[in-house]
file structure-v8.csv (CSV, C-alpha atoms)
chain,number,residue,atom,x,y,z
A,1,MET,CA,215.2,-1.7,36.8
A,2,ARG,CA,218.6,-2.4,35.2
A,3,ILE,CA,219.8,1.2,35.6
A,4,LEU,CA,218.7,1.0,39.3
A,5,ALA,CA,220.6,-2.3,39.6
A,6,SER,CA,223.7,-0.6,38.2
A,7,LEU,CA,223.4,2.3,40.7
A,8,ILE,CA,223.0,-0.1,43.6
A,9,PHE,CA,225.9,-2.3,42.4
A,10,PHE,CA,228.5,0.4,41.6
A,11,THR,CA,227.8,2.9,44.4
A,12,ARG,CA,227.1,2.8,48.1
A,13,LEU,CA,224.2,5.3,48.1
A,14,PRO,CA,220.9,3.8,49.3
A,15,TRP,CA,219.3,3.4,45.9
A,16,TRP,CA,217.8,0.0,47.0
A,17,ARG,CA,215.2,2.0,48.9
A,18,LEU,CA,213.6,3.0,45.6
A,19,GLY,CA,212.3,-0.5,45.0
A,20,ASN,CA,213.1,-4.2,44.9
A,21,VAL,CA,215.4,-5.2,42.0
A,22,PRO,CA,215.2,-8.7,40.7
A,23,LYS,CA,218.5,-10.7,40.6
A,24,GLU,CA,218.3,-10.9,36.8
A,25,ALA,CA,218.7,-7.1,36.5
A,26,PHE,CA,222.2,-7.3,38.1
A,27,GLU,CA,223.3,-9.5,35.2
A,28,HIS,CA,223.2,-6.4,33.0
A,29,VAL,CA,224.9,-3.9,35.3
A,30,THR,CA,227.9,-3.5,33.0
A,31,ASP,CA,225.6,-2.4,30.2
A,32,TYR,CA,225.0,0.9,32.0
A,33,TRP,CA,228.4,1.2,33.5
A,34,PRO,CA,229.4,4.1,31.2
A,35,LEU,CA,226.3,6.1,32.3
A,36,ILE,CA,227.1,5.5,36.0
A,37,GLY,CA,230.4,7.3,35.2
A,38,TRP,CA,228.3,10.5,35.1
A,39,LEU,CA,227.7,10.0,38.8
A,40,THR,CA,231.0,8.7,40.0
A,41,GLY,CA,233.1,10.9,37.7
A,42,GLY,CA,230.8,13.8,38.4
A,43,VAL,CA,231.3,13.4,42.2
A,44,MET,CA,235.1,13.2,41.7
A,45,ALA,CA,235.1,16.2,39.4
A,46,GLY,CA,232.9,18.2,41.7
A,47,ALA,CA,235.0,17.4,44.7
A,48,TYR,CA,238.1,18.7,42.8
A,49,VAL,CA,236.5,21.9,41.6
A,50,GLY,CA,235.0,22.5,45.1
A,51,ALA,CA,238.3,22.0,46.8
A,52,ILE,CA,240.0,24.4,44.4
A,53,GLY,CA,237.2,26.9,45.0
A,54,LEU,CA,237.9,26.7,48.7
A,55,GLY,CA,241.5,27.5,48.2
A,56,PHE,CA,243.0,24.1,48.3
A,57,SER,CA,246.2,23.5,46.2
A,58,PRO,CA,245.9,21.2,43.2
A,59,VAL,CA,247.9,18.6,45.2
A,60,MET,CA,245.3,18.5,48.0
A,61,ALA,CA,242.3,18.9,45.6
A,62,ALA,CA,243.5,15.7,43.8
A,63,LEU,CA,243.4,13.8,47.1
A,64,VAL,CA,240.0,15.1,47.9
A,65,ALA,CA,238.7,14.1,44.5
A,66,ILE,CA,240.1,10.5,44.8
A,67,GLY,CA,238.7,10.2,48.3
A,68,ALA,CA,235.3,11.3,47.3
A,69,ARG,CA,235.0,8.6,44.7
A,70,LEU,CA,236.3,6.0,47.1
A,71,LEU,CA,233.6,6.9,49.5
A,72,LEU,CA,230.9,6.8,46.8
A,73,THR,CA,231.9,3.4,45.4
A,74,GLY,CA,233.1,1.8,48.6
A,75,ALA,CA,236.5,1.1,46.9
A,76,LEU,CA,234.7,-1.6,44.8
A,77,HIS,CA,237.1,-1.3,41.8
A,78,GLU,CA,240.2,-0.9,43.9
A,79,ASP,CA,239.4,-4.1,45.7
A,80,GLY,CA,239.2,-5.8,42.3
A,81,LEU,CA,242.5,-4.3,41.3
A,82,ALA,CA,244.2,-5.7,44.4
A,83,ASP,CA,242.8,-9.2,43.8
A,84,PHE,CA,243.7,-8.9,40.1
A,85,CYS,CA,247.3,-8.0,40.9
A,86,ASP,CA,247.6,-10.8,43.5
A,87,GLY,CA,246.1,-13.4,41.1
A,88,PHE,CA,248.0,-12.5,37.9
A,89,GLY,CA,251.2,-11.8,39.8
A,90,GLY,CA,251.3,-14.9,42.0
A,91,GLY,CA,249.2,-17.4,40.0
A,92,THR,CA,251.1,-19.9,38.0
A,93,SER,CA,248.1,-21.6,36.4
A,94,ARG,CA,244.4,-20.8,35.6
A,95,ALA,CA,243.1,-22.6,38.7
A,96,ARG,CA,245.7,-21.1,41.0
A,97,THR,CA,245.1,-17.6,39.6
A,98,LEU,CA,241.3,-17.9,40.2
A,99,LEU,CA,241.9,-19.3,43.7
A,100,ILE,CA,244.1,-16.4,44.7
A,101,MET,CA,241.8,-13.8,43.3
A,102,LYS,CA,238.9,-15.2,45.3
A,103,ASP,CA,240.9,-15.0,48.6
A,104,SER,CA,239.8,-12.0,50.6
A,105,HIS,CA,243.3,-11.5,52.0
A,106,ILE,CA,245.6,-9.0,50.2
A,107,GLY,CA,249.0,-10.1,49.2
A,108,THR,CA,252.3,-8.4,48.2
A,109,TYR,CA,251.3,-7.9,44.6
A,110,GLY,CA,248.0,-6.4,45.6
A,111,VAL,CA,249.6,-3.9,48.0
A,112,LEU,CA,252.2,-2.9,45.4
A,113,GLY,CA,249.6,-2.6,42.7
A,114,LEU,CA,247.4,-0.3,44.8
A,115,ILE,CA,250.4,1.9,45.8
A,116,LEU,CA,251.6,2.3,42.3
A,117,TYR,CA,248.1,2.9,41.0
A,118,PHE,CA,247.2,5.6,43.5
A,119,ALA,CA,250.6,7.2,43.1
A,120,LEU,CA,250.1,7.5,39.3
A,121,LEU,CA,246.5,8.6,39.7
A,122,TRP,CA,247.2,11.3,42.3
A,123,THR,CA,250.3,12.6,40.4
A,124,SER,CA,248.4,12.7,37.1
A,125,ILE,CA,245.4,14.6,38.5
A,126,GLN,CA,247.5,17.2,40.4
A,127,THR,CA,249.7,17.7,37.4
A,128,LEU,CA,246.7,18.8,35.4
A,129,GLY,CA,246.1,21.6,37.8
A,130,LEU,CA,249.7,22.6,37.9
A,131,CYS,CA,250.4,22.5,34.2
A,132,PRO,CA,251.0,26.1,32.9
A,133,SER,CA,249.8,25.1,29.4
A,134,ALA,CA,246.4,24.1,30.9
A,135,ASP,CA,245.7,27.8,31.7
A,136,VAL,CA,242.3,27.9,30.0
A,137,PRO,CA,239.1,29.6,31.0
A,138,PHE,CA,237.6,28.2,34.1
A,139,ILE,CA,240.8,26.2,34.9
A,140,GLY,CA,239.2,24.4,37.9
A,141,ALA,CA,236.2,23.5,35.8
A,142,GLY,CA,238.5,22.4,32.9
A,143,VAL,CA,240.3,19.9,35.1
A,144,GLY,CA,237.0,18.8,36.5
A,145,ALA,CA,235.8,18.1,32.9
A,146,LEU,CA,239.0,16.1,32.2
A,147,ILE,CA,238.3,14.0,35.4
A,148,LEU,CA,234.8,13.3,34.3
A,149,TYR,CA,236.0,12.4,30.8
A,150,ALA,CA,238.6,9.9,32.2
A,151,ASP,CA,236.1,8.2,34.4
A,152,VAL,CA,233.4,7.8,31.7
A,153,SER,CA,235.8,6.8,29.0
A,154,GLY,CA,237.4,4.2,31.3
A,155,LYS,CA,234.0,2.7,32.2
A,156,SER,CA,233.0,2.7,28.5
A,157,ALA,CA,236.0,0.7,27.5
A,158,ALA,CA,235.8,-1.7,30.4
A,159,SER,CA,232.1,-2.3,29.7
A,160,LEU,CA,232.9,-4.1,26.5
A,161,ILE,CA,234.7,-7.0,28.2
A,162,THR,CA,231.4,-8.9,28.9
A,163,GLY,CA,230.8,-9.2,25.1
A,164,GLN,CA,234.3,-10.3,24.3
A,165,LEU,CA,235.1,-13.0,26.9
A,166,PRO,CA,233.0,-15.6,28.8
A,167,TYR,CA,232.8,-15.4,32.6
A,168,ALA,CA,235.7,-17.5,34.0
A,169,ARG,CA,233.7,-18.8,37.0
A,170,THR,CA,230.2,-20.3,37.6
A,171,ALA,CA,227.5,-18.3,39.3
A,172,GLU,CA,228.1,-20.4,42.4
A,173,GLY,CA,231.8,-19.5,42.3
A,174,ALA,CA,231.3,-15.8,41.7
A,175,LYS,CA,231.9,-13.5,44.7
A,176,ASN,CA,228.5,-11.7,44.2
A,177,GLY,CA,226.7,-14.7,42.9
A,178,VAL,CA,226.0,-13.0,39.6
A,179,VAL,CA,227.3,-13.8,36.1
A,180,TYR,CA,227.1,-10.9,33.6
A,181,VAL,CA,225.4,-11.9,30.4
A,182,GLY,CA,227.1,-11.9,27.0
A,183,ARG,CA,226.0,-9.8,24.0
A,184,SER,CA,224.2,-10.4,20.8
A,185,LEU,CA,224.7,-8.2,17.7
A,186,ARG,CA,221.8,-6.1,18.8
A,187,ASP,CA,223.2,-5.8,22.3
A,188,TRP,CA,226.6,-4.7,20.9
A,189,PHE,CA,224.9,-1.9,18.9
A,190,LEU,CA,223.0,-0.8,22.0
A,191,GLN,CA,226.2,-0.8,24.1
A,192,CYS,CA,228.1,1.3,21.5
A,193,LEU,CA,225.1,3.7,21.6
A,194,ARG,CA,225.3,3.9,25.4
A,195,CYS,CA,229.0,4.5,25.3
A,196,THR,CA,228.6,7.3,22.7
A,197,LEU,CA,225.8,8.9,24.8
A,198,ALA,CA,227.9,8.7,27.9
A,199,LEU,CA,231.0,10.2,26.3
A,200,ALA,CA,229.0,13.1,24.7
A,201,LEU,CA,228.6,14.9,28.1
A,202,PRO,CA,232.3,15.1,29.2
A,203,LEU,CA,233.4,15.8,25.6
A,204,THR,CA,231.0,18.7,25.5
A,205,LEU,CA,232.1,20.1,28.8
A,206,CYS,CA,235.8,19.8,27.8
A,207,SER,CA,235.0,21.7,24.6
A,208,PHE,CA,233.2,24.4,26.6
A,209,CYS,CA,236.4,24.7,28.7
A,210,GLY,CA,238.6,25.1,25.7
A,211,LEU,CA,239.9,21.5,25.8
A,212,ALA,CA,238.3,20.1,22.6
A,213,ASN,CA,241.5,18.4,21.6
A,214,VAL,CA,240.9,15.8,24.3
A,215,VAL,CA,238.8,14.0,21.6
A,216,TRP,CA,242.1,12.7,20.2
A,217,LEU,CA,242.5,10.5,23.3
A,218,LEU,CA,239.3,8.6,22.6
A,219,PRO,CA,241.1,5.4,21.3
A,220,VAL,CA,243.4,5.2,24.3
A,221,PRO,CA,241.3,3.4,26.8
A,222,PHE,CA,239.8,1.1,24.2
A,223,VAL,CA,243.3,0.1,23.1
A,224,MET,CA,244.2,-0.6,26.7
A,225,GLU,CA,241.0,-2.7,27.1
A,226,VAL,CA,241.9,-4.8,24.1
A,227,LEU,CA,245.4,-5.5,25.3
A,228,LEU,CA,244.2,-6.5,28.8
A,229,MET,CA,241.4,-8.6,27.3
A,230,LEU,CA,243.9,-10.6,25.3
A,231,TRP,CA,246.0,-11.1,28.5
A,232,MET,CA,242.9,-12.3,30.4
A,233,ARG,CA,241.9,-14.7,27.6
A,234,ARG,CA,245.4,-16.1,27.6
A,235,ARG,CA,245.6,-16.5,31.4
A,236,LEU,CA,242.0,-17.3,32.3
A,237,GLY,CA,240.2,-17.9,29.1
A,238,GLY,CA,237.7,-15.4,30.4
A,239,TYR,CA,237.2,-12.6,33.0
A,240,THR,CA,235.9,-12.2,36.6
A,241,GLY,CA,234.4,-9.4,38.5
A,242,ASP,CA,237.9,-8.5,39.8
A,243,CYS,CA,239.1,-8.3,36.2
A,244,CYS,CA,236.3,-5.8,35.5
A,245,GLY,CA,237.3,-3.6,38.3
A,246,ALA,CA,241.0,-3.7,37.4
A,247,LEU,CA,240.1,-3.2,33.8
A,248,PHE,CA,238.3,0.1,34.5
A,249,LEU,CA,241.1,1.5,36.6
A,250,PHE,CA,243.7,0.6,34.1
A,251,CYS,CA,241.7,2.1,31.2
A,252,GLU,CA,241.0,5.3,33.2
A,253,LEU,CA,244.7,5.6,34.2
A,254,SER,CA,245.8,5.2,30.6
A,255,VAL,CA,243.8,8.3,29.8
A,256,TYR,CA,245.4,10.3,32.6
A,257,LEU,CA,248.9,9.2,31.5
A,258,SER,CA,248.1,10.3,27.9
A,259,PHE,CA,247.1,13.8,28.9
A,260,PRO,CA,250.7,15.1,28.7
A,261,LEU,CA,250.6,14.3,25.0
A,262,LEU,CA,248.0,17.1,24.6
A,263,PHE,CA,249.0,19.4,27.5
A,264,HIS,CA,252.8,19.4,27.4

call {"tool": "encode", "arguments": {"input": "structure-v8.csv", "output": "structure tokens"}}
result
Amino acid sequence: MRILASLIFFTRLPWWRLGNVPKEAFEHVTDYWPLIGWLTGGVMAGAYVGAIGLGFSPVMAALVAIGARLLLTGALHEDGLADFCDGFGGGTSRARTLLIMKDSHIGTYGVLGLILYFALLWTSIQTLGLCPSADVPFIGAGVGALILYADVSGKSAASLITGQLPYARTAEGAKNGVVYVGRSLRDWFLQCLRCTLALALPLTLCSFCGLANVVWLLPVPFVMEVLLMLWMRRRLGGYTGDCCGALFLFCELSVYLSFPLLFH
């Protein structure tokens, strides 16, 4: 039921038709976030490879890939990023930051944050397809494998936040009415196992496409997660759902921005 809850929460596909999911299951959705990356990253990668196969340029294929994931997730994480930028950009205190982040209206910081994020993401993905040194067997599939890797690794890193910080709101104050549970030592072991399992697939695909050196980027999203976690602890003393969405996007983007270190 927890996996089904994660599918319902993180995508807009009608998974709810498969059965009734108790509210308690949604408290553990971040546990299976890395595995959901197989679906969201897979759709994004498949859209890119399909667009290249139809004759689209890497520039257009990157837009198609981004749009496909937005449709699948309902821009869930991007909404969190906008609220995060508004709150952390305009908030001068913990209470003020939380109040701004809960406001459904988007502000200047949120708009600028989304513009900068999408500009970097789009440019990074299209550059992978245009880079001469990325001329490996199955180049379209190779870029698709990198896209899948970035999504899964970003979600794996972001999923750790619920075991590092307390939730900054009460259940009544949460937007979705759910507070993600913390982790015991056993839960930490299981989460590390889930992350390892989730990352095994994209790493295998990258290796098959001649991109095995991407394994050197494994620490990147986790370092980004630690830095942002420390910032959240300082500003809020915890995290919110918006923080989780922004955290994933920042961790994923850090992977894309690090690719030139390997494919220069």

call {"tool": "residues_around", "arguments": {"input": "structure-v8.csv", "residues": "stretch 151-166 of chain A", "least_positions_apart": "3", "cutoff": "8 Å", "atoms": "only C-alpha atoms", "output": "VMD selection string"}}
result
chain A and resid 30 to 31 33 to 38 40 to 41 147 to 148 180 to 184 188 191 195 198 to 199 202 218 221 to 222 225 229 233 237 to 239 244 247 to 253 255

call {"tool": "atom_distance", "arguments": {"input": "structure-v8.csv", "atom1": "atom CA of A:Val59", "atom2": "atom CA of A:Ser124"}}
result
10.0 Å

call {"tool": "residues_around", "arguments": {"input": "structure-v8.csv", "residues": "A:Thr204", "least_positions_apart": "5", "cutoff": "10 Å", "atoms": "only C-alpha atoms", "output": "compact mmCIF listing (two decimals) with C-alpha atoms, in the frame of the given file"}}
result
# COMPACT_ATOMS: atom_id res chain seq x y z
CA ALA A 145 235.80 18.10 32.90
CA TYR A 149 236.00 12.40 30.80
CA LEU A 199 231.00 10.20 26.30
CA CYS A 209 236.40 24.70 28.70
CA GLY A 210 238.60 25.10 25.70
CA LEU A 211 239.90 21.50 25.80
CA ALA A 212 238.30 20.10 22.60
CA VAL A 215 238.80 14.00 21.60

call {"tool": "residues_around", "arguments": {"input": "structure-v8.csv", "residues": "stretch 79-92 of chain A", "least_positions_apart": "6", "cutoff": "7 Å", "atoms": "all atoms listed in the file", "output": "JSON, numbers by chain"}}
result
{"A": [98, 100, 101, 106, 107, 109, 110, 111, 113, 114, 242, 243, 245, 246]}

call {"tool": "closest_residue", "arguments": {"input": "structure-v8.csv", "among": "A:Cys192, A:Ala62, A:Val43, A:Leu54", "to": "A:Thr127", "atoms": "all atoms listed in the file"}}
result
A:Ala62

call {"tool": "atom_distance", "arguments": {"input": "structure-v8.csv", "atom1": "atom CA of A:Phe10", "atom2": "atom CA of A:Tyr117"}}
result
19.8 Å

call {"tool": "closest_residue", "arguments": {"input": "structure-v8.csv", "among": "A:Ile3, A:Leu217, A:Thr196, A:His28", "to": "A:Trp16", "atoms": "all atoms listed in the file"}}
result
A:Ile3

call {"tool": "residues_around", "arguments": {"input": "structure-v8.csv", "residues": "stretch 65-71 of chain A", "least_positions_apart": "3", "cutoff": "12 Å", "atoms": "all atoms listed in the file", "output": "ChimeraX atom specification"}}
result
/A:10-13,37-52,56,58-62,74-79,117-126,143-144,147-148,151

call {"tool": "atom_distance", "arguments": {"input": "structure-v8.csv", "atom1": "atom CA of A:Leu203", "atom2": "atom CA of A:Trp216"}}
result
10.7 Å

call {"tool": "decode", "arguments": {"input": "structure-v8.csv", "residues": "stretch 32-52 of chain A", "atoms": "N, CA and C atoms", "output": "CSV table (one decimal), in the first residue's frame"}}
result
chain,number,residue,atom,x,y,z
A,32,TYR,N,9.7,5.6,-0.7
A,32,TYR,CA,9.8,5.0,-2.1
A,32,TYR,C,9.9,6.0,-3.2
A,33,TRP,N,10.3,7.2,-2.8
A,33,TRP,CA,10.5,8.2,-3.8
A,33,TRP,C,11.6,7.8,-4.8
A,34,PRO,N,12.7,7.3,-4.4
A,34,PRO,CA,13.8,6.9,-5.4
A,34,PRO,C,13.2,5.9,-6.4
A,35,LEU,N,12.4,4.9,-6.0
A,35,LEU,CA,11.9,4.0,-6.9
A,35,LEU,C,10.8,4.6,-7.9
A,36,ILE,N,10.1,5.6,-7.4
A,36,ILE,CA,9.2,6.3,-8.3
A,36,ILE,C,10.0,7.0,-9.4
A,37,GLY,N,11.2,7.3,-9.2
A,37,GLY,CA,12.1,7.9,-10.2
A,37,GLY,C,12.2,7.0,-11.4
A,38,TRP,N,12.0,5.7,-11.3
A,38,TRP,CA,12.0,4.8,-12.4
A,38,TRP,C,10.9,5.2,-13.4
A,39,LEU,N,9.7,5.6,-12.8
A,39,LEU,CA,8.6,6.0,-13.6
A,39,LEU,C,8.8,7.4,-14.2
A,40,THR,N,9.0,8.3,-13.3
A,40,THR,CA,9.1,9.7,-13.8
A,40,THR,C,10.3,10.0,-14.6
A,41,GLY,N,11.4,9.4,-14.2
A,41,GLY,CA,12.6,9.6,-15.0
A,41,GLY,C,12.5,8.8,-16.3
A,42,GLY,N,11.9,7.6,-16.2
A,42,GLY,CA,11.7,6.8,-17.4
A,42,GLY,C,10.8,7.4,-18.4
A,43,VAL,N,9.8,8.1,-18.0
A,43,VAL,CA,8.9,8.8,-18.9
A,43,VAL,C,9.7,9.9,-19.6
A,44,MET,N,10.4,10.7,-18.8
A,44,MET,CA,11.2,11.8,-19.3
A,44,MET,C,12.3,11.3,-20.3
A,45,ALA,N,13.0,10.2,-19.9
A,45,ALA,CA,14.0,9.7,-20.8
A,45,ALA,C,13.3,9.1,-22.1
A,46,GLY,N,12.2,8.4,-22.0
A,46,GLY,CA,11.5,7.8,-23.1
A,46,GLY,C,11.0,8.9,-24.1
A,47,ALA,N,10.6,10.0,-23.5
A,47,ALA,CA,10.1,11.1,-24.3
A,47,ALA,C,11.3,11.7,-25.1
A,48,TYR,N,12.4,11.8,-24.5
A,48,TYR,CA,13.6,12.4,-25.2
A,48,TYR,C,14.0,11.4,-26.3
A,49,VAL,N,14.2,10.2,-26.0
A,49,VAL,CA,14.6,9.2,-27.0
A,49,VAL,C,13.6,9.1,-28.1
A,50,GLY,N,12.3,9.1,-27.8
A,50,GLY,CA,11.3,9.1,-28.8
A,50,GLY,C,11.3,10.3,-29.7
A,51,ALA,N,11.5,11.5,-29.1
A,51,ALA,CA,11.6,12.7,-29.9
A,51,ALA,C,12.8,12.7,-30.9
A,52,ILE,N,13.9,12.2,-30.4
A,52,ILE,CA,15.1,12.1,-31.2
A,52,ILE,C,14.9,11.1,-32.4
